[in-house]
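To start, the structure under review is shown below, and the notes come after it.
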Amino acid sequence: MEAAKWVEMVRINPGNYADSKKFAIKEYTDEQYSAELKRIEEKFTPLVKLCKDLGRAMRIGTNHGSLSDRIMNRFGIRLWAWWRALWNLRELRAKNDFHNFKFSMKSSNPKVMIECYRLLVARLGQEGPDWNYPIHLGLPSGRRRRWAHKKRYRNRLTAL
């Protein structure tokens with residue numbers, strides 16, 4: 001919340017900001033799942049309102065490796081799960097009439113990332129012309145210095 005007062009764009013990852021990952025195996029009932037979405041809405045909405053009031057942009061992003069327990073247990077580690085984590089925040093954003101944002105998804109596997117972006121763009125197209133929002137291609141680099149440059153080039157070339 002404090003950062004939104006001082007920067008022009010805030011990056012939010014639902015798996016880190018409003019959701020949690022405790023590596024717990026839990027089967028959510030529909031009621032529990034709805035309660036979790038309500039809790040996320042209560043935590044996320046004040047930030048959306050602050051960004052809207054201050055004229056700040058928001059980059060709503062998900063990382064393939066940081067999906068919440070709620071998403072992982074409901075959908076598994078599939079493209080649908082990754083996309084769903086992002087789509088939940090899109091729905092909350094729509095409730096608050098906030099339009100100054102872009103979508104972002106990152107994965108160290110460029111094929112997974114590309115397929116998920118294709119799913120996102122197709123779904124946005126189904127929502128109609130009012131959902132023509134920018135996307136941010138997140139291409140993480142490798143963690144090992146020795147191979148990082150090769151991984152970066154491979155990911156960028158694949159995405160392009």
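Ordering of the structure tokens sets the chain letters (A, B, ...); residue numbers start at 1 within each chain; ligands are numbered from 1 in the order shown.
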
Quick one: residues within 8 Å of stretch 24-35 of chain A, only C-alpha atoms counted, chain neighbours fewer than 4 positions away excluded, as an mmCIF file with N, CA and C atoms, in the first residue's frame?
data_model
loop_
_atom_site.group_PDB
_atom_site.id
_atom_site.type_symbol
_atom_site.label_atom_id
_atom_site.label_comp_id
_atom_site.auth_asym_id
_atom_site.auth_seq_id
_atom_site.Cartn_x
_atom_site.Cartn_y
_atom_site.Cartn_z
ATOM 1 N N ARG A 39 -11.808 -13.317 1.087
ATOM 2 C CA ARG A 39 -10.675 -12.817 1.871
ATOM 3 C C ARG A 39 -9.682 -12.083 0.973
ATOM 4 N N ASP A 69 -1.679 -22.092 -2.598
ATOM 5 C CA ASP A 69 -2.228 -23.410 -2.261
ATOM 6 C C ASP A 69 -3.658 -23.543 -2.772
ATOM 7 N N ARG A 70 -4.433 -22.472 -2.643
ATOM 8 C CA ARG A 70 -5.829 -22.486 -3.087
ATOM 9 C C ARG A 70 -5.915 -22.855 -4.564
ATOM 10 N N ASN A 73 -4.362 -26.557 -5.241
ATOM 11 C CA ASN A 73 -5.226 -27.648 -4.801
ATOM 12 C C ASN A 73 -6.518 -27.734 -5.597
ATOM 13 N N ARG A 74 -6.974 -26.628 -6.145
ATOM 14 C CA ARG A 74 -8.204 -26.641 -6.928
ATOM 15 C C ARG A 74 -7.940 -27.059 -8.374
#

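Nearest-residue note for A:Glu8: choosing from A:Trp82, A:Trp87, A:Phe101, A:Phe75, the minimum distance belongs to A:Phe101, counting only C-alpha atoms.
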
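When only C-alpha atoms are used to compute distances to A:Ile135, the closest of the residues A:Val112, A:Ile60, A:Leu92, A:Ala3 turns out to be A:Ile60.
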
Exercise. In stretch 102-131 of chain A, what's alpha helix (DSSP H) per DSSP? Answer as an MDAnalysis selection string?
Worked result: chainID A and resid 110:127

Exercise. Could you work out how far atom CA of A:Trp80 lies from atom CA of A:Phe98, giving the answer in Å with one decimal?
Worked result: 24.2 Å

Problem set entry | Sel. of strand (DSSP E or B) residues, stretch 52-112 of chain A, as a count of residues only | 13

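All residues of protein, DNA or RNA that reach within 8 Å of A:Ile71, judged by only C-alpha atoms and not counting those fewer than 6 positions away in the chain, are A:Ala81, A:Trp82, A:Arg84, A:Ala85.
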
Exercise. To one decimal place, how far is atom CA of A:Lys38 from atom CA of A:Asn13 in Å?
Worked result: 17.0 Å
